[in-house]
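To start, the structure itself, in structure tokens.
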Amino acid sequence: MASIEKFLSSTEEQAIVEAIRLAELDTSGEIRVHIENTFKGDVTHRALEVFHMLKMDNTRLRNAVLIYVAVEDKTFAIYGDKGINTVVADNFWDAIKEEILFYFKTGDFKQGLVEGITKAGAALKSYFPYTDDDTNELTNEISKG
């Protein structure tokens, strides 16, 4: 049975943190990854709970994106705040989920997350470009629960 301790190596975690840093370079948007073993209920609802728990809904432009992974349940969700959701196409997150799933199916979890982060970052850059007064509002570290 998989667990969050075995899901990613420390080297893979650092690659994901670096992908977040790079994705956020040219945008005011924020991206986080949260990994936990399991949850009860609907994955999208759980992602929203974690989004609020991590205070991701407190960004100035409401343009934060969470990639939530439940390892043992073999499921994940992407949750974007209302600032980004009002400007991307309705199927935008589904396209990113398909990209992540492609890599997850082969067991390449790090690359799946990096690809999802990169694509989310490109959208954030397009709609929320970096300005001189931008600050990194949220940590880039992977949270675990």
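Chains: A, B, ... in order of the structure tokens. Residues: from 1 per chain. Ligands: from 1, in order shown.
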Using only C-alpha atoms, what table do you get, as a Markdown table, when you list each residue of range 87-127 of chain A with an atom no more than 9 Å from range 66-78 of chain A, its nearest pair of atoms, and their distance in Å rounded to one decimal, rows by chain then rising number?
```
| residue | atom | partner | partner_atom | distance |
| --- | --- | --- | --- | --- |
| A:Trp93 | CA | A:Ile78 | CA | 6.7 |
| A:Asp94 | CA | A:Ile78 | CA | 8.6 |
| A:Ile96 | CA | A:Ile78 | CA | 8.4 |
| A:Lys97 | CA | A:Ile78 | CA | 7.2 |
| A:Leu101 | CA | A:Phe76 | CA | 9.0 |
| A:Leu113 | CA | A:Ile67 | CA | 8.0 |
| A:Gly116 | CA | A:Ile67 | CA | 8.1 |
| A:Ile117 | CA | A:Ile67 | CA | 8.1 |
```
Could you write out that same residue set with all heavy atoms as an mmCIF file, in the first residue's frame?
```
data_model
loop_
_atom_site.group_PDB
_atom_site.id
_atom_site.type_symbol
_atom_site.label_atom_id
_atom_site.label_comp_id
_atom_site.auth_asym_id
_atom_site.auth_seq_id
_atom_site.Cartn_x
_atom_site.Cartn_y
_atom_site.Cartn_z
ATOM 1 N N TRP A 93 -9.198 22.919 -16.398
ATOM 2 C CA TRP A 93 -8.631 22.050 -15.363
ATOM 3 C C TRP A 93 -8.705 20.587 -15.781
ATOM 4 O O TRP A 93 -7.835 19.792 -15.425
ATOM 5 C CB TRP A 93 -9.313 22.279 -14.015
ATOM 6 C CG TRP A 93 -9.166 23.705 -13.549
ATOM 7 C CD1 TRP A 93 -10.168 24.594 -13.318
ATOM 8 C CD2 TRP A 93 -7.946 24.414 -13.308
ATOM 9 N NE1 TRP A 93 -9.643 25.812 -12.945
ATOM 10 C CE2 TRP A 93 -8.284 25.730 -12.934
ATOM 11 C CE3 TRP A 93 -6.597 24.065 -13.382
ATOM 12 C CZ2 TRP A 93 -7.335 26.690 -12.616
ATOM 13 C CZ3 TRP A 93 -5.648 25.035 -13.074
ATOM 14 C CH2 TRP A 93 -6.019 26.320 -12.689
ATOM 15 N N ASP A 94 -9.731 20.222 -16.550
ATOM 16 C CA ASP A 94 -9.835 18.839 -17.031
ATOM 17 C C ASP A 94 -8.653 18.488 -17.929
ATOM 18 O O ASP A 94 -8.129 17.375 -17.864
ATOM 19 C CB ASP A 94 -11.148 18.629 -17.793
ATOM 20 C CG ASP A 94 -12.359 18.717 -16.875
ATOM 21 O OD1 ASP A 94 -12.224 18.455 -15.673
ATOM 22 O OD2 ASP A 94 -13.443 19.066 -17.384
ATOM 23 N N ILE A 96 -5.637 19.744 -17.800
ATOM 24 C CA ILE A 96 -4.458 19.574 -16.950
ATOM 25 C C ILE A 96 -4.542 18.251 -16.187
ATOM 26 O O ILE A 96 -3.549 17.541 -16.054
ATOM 27 C CB ILE A 96 -4.280 20.767 -15.988
ATOM 28 C CG1 ILE A 96 -3.917 22.021 -16.787
ATOM 29 C CG2 ILE A 96 -3.209 20.475 -14.942
ATOM 30 C CD1 ILE A 96 -3.727 23.265 -15.961
ATOM 31 N N LYS A 97 -5.733 17.899 -15.708
ATOM 32 C CA LYS A 97 -5.908 16.624 -15.018
ATOM 33 C C LYS A 97 -5.556 15.454 -15.930
ATOM 34 O O LYS A 97 -4.923 14.494 -15.488
ATOM 35 C CB LYS A 97 -7.342 16.487 -14.512
ATOM 36 C CG LYS A 97 -7.617 17.292 -13.254
ATOM 37 C CD LYS A 97 -9.059 17.235 -12.846
ATOM 38 C CE LYS A 97 -9.441 15.871 -12.337
ATOM 39 N NZ LYS A 97 -10.818 15.822 -11.815
ATOM 40 N N LEU A 101 -2.739 12.734 -15.182
ATOM 41 C CA LEU A 101 -3.153 11.329 -15.160
ATOM 42 C C LEU A 101 -2.303 10.471 -16.095
ATOM 43 O O LEU A 101 -1.972 9.327 -15.770
ATOM 44 C CB LEU A 101 -4.637 11.212 -15.519
ATOM 45 C CG LEU A 101 -5.270 9.845 -15.364
ATOM 46 C CD1 LEU A 101 -5.142 9.342 -13.935
ATOM 47 C CD2 LEU A 101 -6.732 9.907 -15.778
ATOM 48 N N LEU A 113 3.057 15.769 -11.666
ATOM 49 C CA LEU A 113 2.875 17.006 -10.908
ATOM 50 C C LEU A 113 3.619 18.171 -11.549
ATOM 51 O O LEU A 113 3.080 19.279 -11.642
ATOM 52 C CB LEU A 113 3.310 16.801 -9.456
ATOM 53 C CG LEU A 113 2.392 15.869 -8.651
ATOM 54 C CD1 LEU A 113 3.028 15.506 -7.319
ATOM 55 C CD2 LEU A 113 1.024 16.504 -8.454
ATOM 56 N N GLY A 116 1.601 19.344 -14.525
ATOM 57 C CA GLY A 116 0.417 20.085 -14.091
ATOM 58 C C GLY A 116 0.763 21.469 -13.577
ATOM 59 O O GLY A 116 0.090 22.458 -13.906
ATOM 60 N N ILE A 117 1.819 21.554 -12.803
ATOM 61 C CA ILE A 117 2.288 22.841 -12.275
ATOM 62 C C ILE A 117 2.693 23.768 -13.419
ATOM 63 O O ILE A 117 2.340 24.954 -13.433
ATOM 64 C CB ILE A 117 3.468 22.617 -11.305
ATOM 65 C CG1 ILE A 117 2.982 21.931 -10.039
ATOM 66 C CG2 ILE A 117 4.201 23.922 -11.001
ATOM 67 C CD1 ILE A 117 4.087 21.289 -9.214
#
```
query: Excluding same-chain residues fewer than 5 positions from Ile100 in chain A, what lies within 9 Å of it counting only C-alpha atoms, as number ranges by chain?
result: A: 95, 105, 109, 111-116
How would the residues just picked look written out with N, CA, C and O atoms as a PDB file, in the first residue's frame?
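Saved the output as result_14.pdb:
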```
ATOM      1  N   ALA A  95      -8.245  19.422 -18.762  1.00  0.00           N
ATOM      2  CA  ALA A  95      -7.101  19.181 -19.655  1.00  0.00           C
ATOM      3  C   ALA A  95      -5.817  18.967 -18.843  1.00  0.00           C
ATOM      4  O   ALA A  95      -5.015  18.090 -19.168  1.00  0.00           O
ATOM      5  N   LYS A 105      -0.485   7.257 -14.405  1.00  0.00           N
ATOM      6  CA  LYS A 105      -0.771   5.879 -14.816  1.00  0.00           C
ATOM      7  C   LYS A 105       0.501   5.065 -15.020  1.00  0.00           C
ATOM      8  O   LYS A 105       0.484   3.851 -14.871  1.00  0.00           O
ATOM      9  N   PHE A 109       4.889   9.966 -10.810  1.00  0.00           N
ATOM     10  CA  PHE A 109       4.112  10.970 -10.084  1.00  0.00           C
ATOM     11  C   PHE A 109       4.778  12.334 -10.095  1.00  0.00           C
ATOM     12  O   PHE A 109       4.115  13.359 -10.242  1.00  0.00           O
ATOM     13  N   GLN A 111       6.740  13.643 -12.427  1.00  0.00           N
ATOM     14  CA  GLN A 111       6.586  14.293 -13.723  1.00  0.00           C
ATOM     15  C   GLN A 111       5.148  14.737 -13.952  1.00  0.00           C
ATOM     16  O   GLN A 111       4.907  15.790 -14.531  1.00  0.00           O
ATOM     17  N   GLY A 112       4.200  13.947 -13.488  1.00  0.00           N
ATOM     18  CA  GLY A 112       2.802  14.351 -13.599  1.00  0.00           C
ATOM     19  C   GLY A 112       2.537  15.659 -12.882  1.00  0.00           C
ATOM     20  O   GLY A 112       1.901  16.568 -13.422  1.00  0.00           O
ATOM     21  N   LEU A 113       3.057  15.769 -11.666  1.00  0.00           N
ATOM     22  CA  LEU A 113       2.875  17.006 -10.908  1.00  0.00           C
ATOM     23  C   LEU A 113       3.619  18.171 -11.549  1.00  0.00           C
ATOM     24  O   LEU A 113       3.080  19.279 -11.642  1.00  0.00           O
ATOM     25  N   VAL A 114       4.834  17.926 -12.012  1.00  0.00           N
ATOM     26  CA  VAL A 114       5.603  18.991 -12.677  1.00  0.00           C
ATOM     27  C   VAL A 114       4.859  19.493 -13.913  1.00  0.00           C
ATOM     28  O   VAL A 114       4.754  20.707 -14.143  1.00  0.00           O
ATOM     29  N   GLU A 115       4.321  18.586 -14.713  1.00  0.00           N
ATOM     30  CA  GLU A 115       3.573  18.991 -15.918  1.00  0.00           C
ATOM     31  C   GLU A 115       2.332  19.800 -15.544  1.00  0.00           C
ATOM     32  O   GLU A 115       2.030  20.812 -16.169  1.00  0.00           O
ATOM     33  N   GLY A 116       1.601  19.344 -14.525  1.00  0.00           N
ATOM     34  CA  GLY A 116       0.417  20.085 -14.091  1.00  0.00           C
ATOM     35  C   GLY A 116       0.763  21.469 -13.577  1.00  0.00           C
ATOM     36  O   GLY A 116       0.090  22.458 -13.906  1.00  0.00           O
TER      37      GLY A 116
END
```
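For Pro129 in chain A, the non-local neighbours within 7 Å, defined as residues at least 5 positions apart in the same chain or in other chains and counting only C-alpha atoms, are Asp26, Thr27 and Ser28 of chain A.
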Among chain A, which residues does DSSP mark as strand (DSSP E or B) when it is run on the backbone? Keep the chain and numbering as in the structure and answer as a PDB file with all heavy atoms, in the first residue's frame.
```pdb
ATOM      1  N   THR A  27       4.331  35.377 -12.819  1.00  0.00           N
ATOM      2  CA  THR A  27       2.913  35.568 -12.508  1.00  0.00           C
ATOM      3  C   THR A  27       2.729  35.965 -11.053  1.00  0.00           C
ATOM      4  O   THR A  27       3.568  35.659 -10.207  1.00  0.00           O
ATOM      5  CB  THR A  27       2.106  34.277 -12.792  1.00  0.00           C
ATOM      6  OG1 THR A  27       0.738  34.507 -12.465  1.00  0.00           O
ATOM      7  CG2 THR A  27       2.620  33.088 -12.018  1.00  0.00           C
ATOM      8  N   GLU A  30      -0.421  31.830  -7.506  1.00  0.00           N
ATOM      9  CA  GLU A  30       0.206  30.949  -6.527  1.00  0.00           C
ATOM     10  C   GLU A  30      -0.216  29.509  -6.786  1.00  0.00           C
ATOM     11  O   GLU A  30      -1.382  29.250  -7.091  1.00  0.00           O
ATOM     12  CB  GLU A  30      -0.212  31.342  -5.110  1.00  0.00           C
ATOM     13  CG  GLU A  30       0.217  32.738  -4.708  1.00  0.00           C
ATOM     14  CD  GLU A  30       1.701  32.860  -4.451  1.00  0.00           C
ATOM     15  OE1 GLU A  30       2.350  31.845  -4.153  1.00  0.00           O
ATOM     16  OE2 GLU A  30       2.222  33.986  -4.533  1.00  0.00           O
ATOM     17  N   ILE A  31       0.716  28.592  -6.663  1.00  0.00           N
ATOM     18  CA  ILE A  31       0.451  27.171  -6.865  1.00  0.00           C
ATOM     19  C   ILE A  31       0.945  26.408  -5.643  1.00  0.00           C
ATOM     20  O   ILE A  31       2.041  26.667  -5.149  1.00  0.00           O
ATOM     21  CB  ILE A  31       1.168  26.643  -8.128  1.00  0.00           C
ATOM     22  CG1 ILE A  31       0.714  27.423  -9.365  1.00  0.00           C
ATOM     23  CG2 ILE A  31       0.909  25.143  -8.304  1.00  0.00           C
ATOM     24  CD1 ILE A  31       1.542  27.145 -10.602  1.00  0.00           C
ATOM     25  N   ARG A  32       0.133  25.468  -5.165  1.00  0.00           N
ATOM     26  CA  ARG A  32       0.528  24.593  -4.058  1.00  0.00           C
ATOM     27  C   ARG A  32       0.196  23.161  -4.428  1.00  0.00           C
ATOM     28  O   ARG A  32      -0.735  22.902  -5.189  1.00  0.00           O
ATOM     29  CB  ARG A  32      -0.235  24.918  -2.768  1.00  0.00           C
ATOM     30  CG  ARG A  32      -0.053  26.279  -2.181  1.00  0.00           C
ATOM     31  CD  ARG A  32       1.054  26.516  -1.195  1.00  0.00           C
ATOM     32  NE  ARG A  32       1.550  25.459  -0.363  1.00  0.00           N
ATOM     33  CZ  ARG A  32       1.373  25.364   0.945  1.00  0.00           C
ATOM     34  NH1 ARG A  32       0.630  26.235   1.595  1.00  0.00           N
ATOM     35  NH2 ARG A  32       1.947  24.391   1.631  1.00  0.00           N
ATOM     36  N   VAL A  33       0.932  22.243  -3.835  1.00  0.00           N
ATOM     37  CA  VAL A  33       0.660  20.810  -3.928  1.00  0.00           C
ATOM     38  C   VAL A  33       0.455  20.311  -2.509  1.00  0.00           C
ATOM     39  O   VAL A  33       1.253  20.610  -1.622  1.00  0.00           O
ATOM     40  CB  VAL A  33       1.820  20.048  -4.609  1.00  0.00           C
ATOM     41  CG1 VAL A  33       1.603  18.542  -4.528  1.00  0.00           C
ATOM     42  CG2 VAL A  33       1.982  20.487  -6.060  1.00  0.00           C
ATOM     43  N   HIS A  34      -0.634  19.556  -2.307  1.00  0.00           N
ATOM     44  CA  HIS A  34      -0.905  18.946  -1.003  1.00  0.00           C
ATOM     45  C   HIS A  34      -1.080  17.451  -1.213  1.00  0.00           C
ATOM     46  O   HIS A  34      -1.827  17.026  -2.096  1.00  0.00           O
ATOM     47  CB  HIS A  34      -2.169  19.527  -0.374  1.00  0.00           C
ATOM     48  CG  HIS A  34      -2.479  18.935   0.961  1.00  0.00           C
ATOM     49  ND1 HIS A  34      -1.895  19.378   2.116  1.00  0.00           N
ATOM     50  CD2 HIS A  34      -3.291  17.911   1.316  1.00  0.00           C
ATOM     51  CE1 HIS A  34      -2.346  18.665   3.140  1.00  0.00           C
ATOM     52  NE2 HIS A  34      -3.193  17.755   2.674  1.00  0.00           N
ATOM     53  N   ILE A  35      -0.392  16.668  -0.379  1.00  0.00           N
ATOM     54  CA  ILE A  35      -0.443  15.214  -0.475  1.00  0.00           C
ATOM     55  C   ILE A  35      -0.874  14.650   0.872  1.00  0.00           C
ATOM     56  O   ILE A  35      -0.347  15.054   1.916  1.00  0.00           O
ATOM     57  CB  ILE A  35       0.951  14.645  -0.845  1.00  0.00           C
ATOM     58  CG1 ILE A  35       1.412  15.212  -2.188  1.00  0.00           C
ATOM     59  CG2 ILE A  35       0.906  13.117  -0.899  1.00  0.00           C
ATOM     60  CD1 ILE A  35       2.866  14.905  -2.505  1.00  0.00           C
ATOM     61  N   GLU A  36      -1.844  13.736   0.834  1.00  0.00           N
ATOM     62  CA  GLU A  36      -2.215  13.021   2.041  1.00  0.00           C
ATOM     63  C   GLU A  36      -2.536  11.576   1.684  1.00  0.00           C
ATOM     64  O   GLU A  36      -2.683  11.242   0.511  1.00  0.00           O
ATOM     65  CB  GLU A  36      -3.356  13.693   2.797  1.00  0.00           C
ATOM     66  CG  GLU A  36      -4.633  13.887   2.041  1.00  0.00           C
ATOM     67  CD  GLU A  36      -5.636  14.747   2.828  1.00  0.00           C
ATOM     68  OE1 GLU A  36      -5.245  15.481   3.747  1.00  0.00           O
ATOM     69  OE2 GLU A  36      -6.818  14.673   2.496  1.00  0.00           O
ATOM     70  N   ALA A  64      -5.020  31.550  -6.818  1.00  0.00           N
ATOM     71  CA  ALA A  64      -4.239  30.409  -6.353  1.00  0.00           C
ATOM     72  C   ALA A  64      -4.796  29.107  -6.935  1.00  0.00           C
ATOM     73  O   ALA A  64      -5.988  28.998  -7.198  1.00  0.00           O
ATOM     74  CB  ALA A  64      -4.245  30.351  -4.831  1.00  0.00           C
ATOM     75  N   VAL A  65      -3.895  28.131  -7.100  1.00  0.00           N
ATOM     76  CA  VAL A  65      -4.258  26.826  -7.648  1.00  0.00           C
ATOM     77  C   VAL A  65      -3.682  25.745  -6.734  1.00  0.00           C
ATOM     78  O   VAL A  65      -2.503  25.773  -6.393  1.00  0.00           O
ATOM     79  CB  VAL A  65      -3.697  26.647  -9.076  1.00  0.00           C
ATOM     80  CG1 VAL A  65      -3.978  25.250  -9.602  1.00  0.00           C
ATOM     81  CG2 VAL A  65      -4.242  27.708 -10.012  1.00  0.00           C
ATOM     82  N   LEU A  66      -4.529  24.791  -6.361  1.00  0.00           N
ATOM     83  CA  LEU A  66      -4.107  23.666  -5.535  1.00  0.00           C
ATOM     84  C   LEU A  66      -4.191  22.373  -6.339  1.00  0.00           C
ATOM     85  O   LEU A  66      -5.213  22.101  -6.973  1.00  0.00           O
ATOM     86  CB  LEU A  66      -5.011  23.525  -4.303  1.00  0.00           C
ATOM     87  CG  LEU A  66      -4.772  22.278  -3.446  1.00  0.00           C
ATOM     88  CD1 LEU A  66      -3.407  22.332  -2.768  1.00  0.00           C
ATOM     89  CD2 LEU A  66      -5.879  22.118  -2.414  1.00  0.00           C
ATOM     90  N   ILE A  67      -3.113  21.606  -6.299  1.00  0.00           N
ATOM     91  CA  ILE A  67      -3.146  20.235  -6.813  1.00  0.00           C
ATOM     92  C   ILE A  67      -3.142  19.340  -5.579  1.00  0.00           C
ATOM     93  O   ILE A  67      -2.184  19.317  -4.816  1.00  0.00           O
ATOM     94  CB  ILE A  67      -1.955  19.933  -7.738  1.00  0.00           C
ATOM     95  CG1 ILE A  67      -1.954  20.890  -8.933  1.00  0.00           C
ATOM     96  CG2 ILE A  67      -2.019  18.469  -8.204  1.00  0.00           C
ATOM     97  CD1 ILE A  67      -0.740  20.745  -9.840  1.00  0.00           C
ATOM     98  N   TYR A  68      -4.241  18.640  -5.386  1.00  0.00           N
ATOM     99  CA  TYR A  68      -4.461  17.798  -4.208  1.00  0.00           C
ATOM    100  C   TYR A  68      -4.337  16.330  -4.617  1.00  0.00           C
ATOM    101  O   TYR A  68      -4.930  15.913  -5.620  1.00  0.00           O
ATOM    102  CB  TYR A  68      -5.853  18.060  -3.633  1.00  0.00           C
ATOM    103  CG  TYR A  68      -6.272  17.032  -2.621  1.00  0.00           C
ATOM    104  CD1 TYR A  68      -5.898  17.151  -1.288  1.00  0.00           C
ATOM    105  CD2 TYR A  68      -7.016  15.921  -3.002  1.00  0.00           C
ATOM    106  CE1 TYR A  68      -6.262  16.190  -0.362  1.00  0.00           C
ATOM    107  CE2 TYR A  68      -7.386  14.957  -2.080  1.00  0.00           C
ATOM    108  CZ  TYR A  68      -7.007  15.092  -0.769  1.00  0.00           C
ATOM    109  OH  TYR A  68      -7.355  14.133   0.145  1.00  0.00           O
ATOM    110  N   VAL A  69      -3.564  15.546  -3.853  1.00  0.00           N
ATOM    111  CA  VAL A  69      -3.372  14.129  -4.152  1.00  0.00           C
ATOM    112  C   VAL A  69      -3.657  13.309  -2.896  1.00  0.00           C
ATOM    113  O   VAL A  69      -3.108  13.590  -1.830  1.00  0.00           O
ATOM    114  CB  VAL A  69      -1.927  13.837  -4.621  1.00  0.00           C
ATOM    115  CG1 VAL A  69      -1.751  12.361  -4.937  1.00  0.00           C
ATOM    116  CG2 VAL A  69      -1.558  14.697  -5.822  1.00  0.00           C
ATOM    117  N   ALA A  70      -4.518  12.284  -3.035  1.00  0.00           N
ATOM    118  CA  ALA A  70      -4.761  11.299  -1.979  1.00  0.00           C
ATOM    119  C   ALA A  70      -4.126   9.995  -2.443  1.00  0.00           C
ATOM    120  O   ALA A  70      -4.636   9.319  -3.339  1.00  0.00           O
ATOM    121  CB  ALA A  70      -6.253  11.124  -1.733  1.00  0.00           C
ATOM    122  N   THR A  75      -6.313   9.015  -6.157  1.00  0.00           N
ATOM    123  CA  THR A  75      -7.114  10.057  -6.787  1.00  0.00           C
ATOM    124  C   THR A  75      -6.482  11.419  -6.525  1.00  0.00           C
ATOM    125  O   THR A  75      -5.640  11.576  -5.640  1.00  0.00           O
ATOM    126  CB  THR A  75      -8.576  10.023  -6.280  1.00  0.00           C
ATOM    127  OG1 THR A  75      -9.373  10.875  -7.090  1.00  0.00           O
ATOM    128  CG2 THR A  75      -8.674  10.430  -4.827  1.00  0.00           C
ATOM    129  N   PHE A  76      -6.884  12.381  -7.328  1.00  0.00           N
ATOM    130  CA  PHE A  76      -6.381  13.740  -7.164  1.00  0.00           C
ATOM    131  C   PHE A  76      -7.401  14.714  -7.727  1.00  0.00           C
ATOM    132  O   PHE A  76      -8.321  14.332  -8.449  1.00  0.00           O
ATOM    133  CB  PHE A  76      -5.016  13.920  -7.846  1.00  0.00           C
ATOM    134  CG  PHE A  76      -5.057  13.876  -9.346  1.00  0.00           C
ATOM    135  CD1 PHE A  76      -5.088  15.046 -10.086  1.00  0.00           C
ATOM    136  CD2 PHE A  76      -5.077  12.659 -10.021  1.00  0.00           C
ATOM    137  CE1 PHE A  76      -5.130  15.008 -11.469  1.00  0.00           C
ATOM    138  CE2 PHE A  76      -5.122  12.606 -11.395  1.00  0.00           C
ATOM    139  CZ  PHE A  76      -5.147  13.784 -12.124  1.00  0.00           C
ATOM    140  N   ALA A  77      -7.224  15.977  -7.388  1.00  0.00           N
ATOM    141  CA  ALA A  77      -8.095  17.039  -7.890  1.00  0.00           C
ATOM    142  C   ALA A  77      -7.279  18.305  -8.036  1.00  0.00           C
ATOM    143  O   ALA A  77      -6.245  18.479  -7.380  1.00  0.00           O
ATOM    144  CB  ALA A  77      -9.268  17.272  -6.936  1.00  0.00           C
ATOM    145  N   ILE A  78      -7.763  19.172  -8.892  1.00  0.00           N
ATOM    146  CA  ILE A  78      -7.171  20.507  -9.037  1.00  0.00           C
ATOM    147  C   ILE A  78      -8.253  21.505  -8.671  1.00  0.00           C
ATOM    148  O   ILE A  78      -9.388  21.409  -9.150  1.00  0.00           O
ATOM    149  CB  ILE A  78      -6.683  20.769 -10.467  1.00  0.00           C
ATOM    150  CG1 ILE A  78      -5.674  19.704 -10.885  1.00  0.00           C
ATOM    151  CG2 ILE A  78      -6.086  22.170 -10.579  1.00  0.00           C
ATOM    152  CD1 ILE A  78      -5.283  19.778 -12.342  1.00  0.00           C
ATOM    153  N   TYR A  79      -7.893  22.445  -7.814  1.00  0.00           N
ATOM    154  CA  TYR A  79      -8.849  23.469  -7.427  1.00  0.00           C
ATOM    155  C   TYR A  79      -8.241  24.835  -7.676  1.00  0.00           C
ATOM    156  O   TYR A  79      -7.171  25.148  -7.156  1.00  0.00           O
ATOM    157  CB  TYR A  79      -9.240  23.337  -5.946  1.00  0.00           C
ATOM    158  CG  TYR A  79     -10.354  24.266  -5.579  1.00  0.00           C
ATOM    159  CD1 TYR A  79     -11.671  23.898  -5.798  1.00  0.00           C
ATOM    160  CD2 TYR A  79     -10.092  25.536  -5.083  1.00  0.00           C
ATOM    161  CE1 TYR A  79     -12.709  24.769  -5.513  1.00  0.00           C
ATOM    162  CE2 TYR A  79     -11.115  26.403  -4.785  1.00  0.00           C
ATOM    163  CZ  TYR A  79     -12.415  26.020  -5.002  1.00  0.00           C
ATOM    164  OH  TYR A  79     -13.438  26.893  -4.729  1.00  0.00           O
ATOM    165  N   GLY A  80      -8.908  25.634  -8.489  1.00  0.00           N
ATOM    166  CA  GLY A  80      -8.482  27.002  -8.757  1.00  0.00           C
ATOM    167  C   GLY A  80      -9.441  27.977  -8.106  1.00  0.00           C
ATOM    168  O   GLY A  80     -10.656  27.753  -8.098  1.00  0.00           O
ATOM    169  N   PRO A 129      -0.053  38.339 -15.158  1.00  0.00           N
ATOM    170  CA  PRO A 129       1.395  38.514 -15.299  1.00  0.00           C
ATOM    171  C   PRO A 129       2.003  39.170 -14.061  1.00  0.00           C
ATOM    172  O   PRO A 129       1.334  39.893 -13.325  1.00  0.00           O
ATOM    173  CB  PRO A 129       1.526  39.408 -16.531  1.00  0.00           C
ATOM    174  CG  PRO A 129       0.211  40.062 -16.702  1.00  0.00           C
ATOM    175  CD  PRO A 129      -0.814  39.160 -16.090  1.00  0.00           C
ATOM    176  N   SER A 143       2.724  20.591   0.987  1.00  0.00           N
ATOM    177  CA  SER A 143       2.128  20.343   2.300  1.00  0.00           C
ATOM    178  C   SER A 143       1.639  18.902   2.350  1.00  0.00           C
ATOM    179  O   SER A 143       1.313  18.309   1.320  1.00  0.00           O
ATOM    180  CB  SER A 143       0.988  21.329   2.571  1.00  0.00           C
ATOM    181  OG  SER A 143      -0.050  21.167   1.642  1.00  0.00           O
ATOM    182  N   LYS A 144       1.645  18.352   3.538  1.00  0.00           N
ATOM    183  CA  LYS A 144       1.238  16.962   3.720  1.00  0.00           C
ATOM    184  C   LYS A 144       0.286  16.861   4.890  1.00  0.00           C
ATOM    185  O   LYS A 144       0.406  17.584   5.858  1.00  0.00           O
ATOM    186  CB  LYS A 144       2.469  16.086   3.975  1.00  0.00           C
ATOM    187  CG  LYS A 144       3.431  16.066   2.800  1.00  0.00           C
ATOM    188  CD  LYS A 144       4.645  15.247   3.118  1.00  0.00           C
ATOM    189  CE  LYS A 144       5.626  15.301   1.951  1.00  0.00           C
ATOM    190  NZ  LYS A 144       6.865  14.586   2.256  1.00  0.00           N
TER     191      LYS A 144
END
```
task: From the DSSP assignment of the backbone, select every residue of chain A that is helix (DSSP H, G or I), and format the answer as an NGL selection string.
output: :A and (4-7 or 10-24 or 43-53 or 56-58 or 82-85 or 92-105 or 109-127)
What would the file look like if the residues just selected were written as a short mmCIF file (atom, residue, chain, number, x, y, z; two decimals), in the first residue's frame with C-alpha atoms?
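In the end it all went to result_1.cif:
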```cif
data_model
loop_
_atom_site.label_atom_id
_atom_site.label_comp_id
_atom_site.auth_asym_id
_atom_site.auth_seq_id
_atom_site.Cartn_x
_atom_site.Cartn_y
_atom_site.Cartn_z
CA ILE A 4 2.85 9.81 1.45
CA GLU A 5 6.30 8.90 2.76
CA LYS A 6 6.92 6.64 -0.26
CA PHE A 7 4.95 8.60 -2.86
CA SER A 10 13.12 13.92 -1.38
CA THR A 11 14.79 14.60 -4.75
CA GLU A 12 11.41 14.40 -6.49
CA GLU A 13 9.86 16.70 -3.89
CA GLN A 14 12.59 19.27 -4.52
CA ALA A 15 11.96 19.04 -8.28
CA ILE A 16 8.28 19.79 -7.65
CA VAL A 17 9.10 22.75 -5.39
CA GLU A 18 11.44 24.05 -8.11
CA ALA A 19 8.69 23.62 -10.72
CA ILE A 20 6.40 25.73 -8.54
CA ARG A 21 9.08 28.39 -8.13
CA LEU A 22 9.66 28.53 -11.89
CA ALA A 23 5.95 28.52 -12.70
CA GLU A 24 5.39 31.46 -10.36
CA VAL A 43 -12.23 14.47 -3.78
CA THR A 44 -13.22 17.92 -5.07
CA HIS A 45 -14.84 18.76 -1.75
CA ARG A 46 -11.71 17.60 0.08
CA ALA A 47 -9.51 19.71 -2.22
CA LEU A 48 -11.67 22.73 -1.37
CA GLU A 49 -11.31 22.00 2.37
CA VAL A 50 -7.52 21.82 2.02
CA PHE A 51 -7.54 24.97 -0.13
CA HIS A 52 -9.22 26.86 2.74
CA MET A 53 -7.07 25.16 5.39
CA MET A 56 -5.10 29.80 -0.41
CA ASP A 57 -8.32 31.81 -0.73
CA ASN A 58 -6.53 34.78 0.87
CA LYS A 82 -12.40 32.30 -8.44
CA GLY A 83 -9.92 34.80 -9.92
CA ILE A 84 -8.39 32.21 -12.23
CA ASN A 85 -11.64 30.29 -12.77
CA PHE A 92 -9.20 24.01 -18.58
CA TRP A 93 -8.63 22.05 -15.36
CA ASP A 94 -9.83 18.84 -17.03
CA ALA A 95 -7.10 19.18 -19.66
CA ILE A 96 -4.46 19.57 -16.95
CA LYS A 97 -5.91 16.62 -15.02
CA GLU A 98 -5.60 14.46 -18.15
CA GLU A 99 -1.95 15.46 -18.50
CA ILE A 100 -1.23 14.60 -14.87
CA LEU A 101 -3.15 11.33 -15.16
CA PHE A 102 -1.08 10.29 -18.18
CA TYR A 103 2.06 10.33 -16.03
CA PHE A 104 0.37 8.97 -12.90
CA LYS A 105 -0.77 5.88 -14.82
CA PHE A 109 4.11 10.97 -10.08
CA LYS A 110 6.82 13.61 -9.99
CA GLN A 111 6.59 14.29 -13.72
CA GLY A 112 2.80 14.35 -13.60
CA LEU A 113 2.88 17.01 -10.91
CA VAL A 114 5.60 18.99 -12.68
CA GLU A 115 3.57 18.99 -15.92
CA GLY A 116 0.42 20.08 -14.09
CA ILE A 117 2.29 22.84 -12.27
CA THR A 118 3.89 24.03 -15.51
CA LYS A 119 0.57 24.20 -17.37
CA ALA A 120 -1.18 25.94 -14.48
CA GLY A 121 1.70 28.40 -14.29
CA ALA A 122 1.42 29.19 -18.01
CA ALA A 123 -2.26 30.03 -17.59
CA LEU A 124 -1.55 32.14 -14.53
CA LYS A 125 1.18 34.00 -16.43
CA SER A 126 -1.19 34.65 -19.31
CA TYR A 127 -3.97 36.07 -17.14
#
```
- prompt: Any idea what the distance is between CA of Asp132 in chain A and CA of Gly29 in chain A?
  reply: 13.6 Å
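If you look at CA of Asp134 in chain A and CA of Thr86 in chain A, they are 20.6 Å away from each other.
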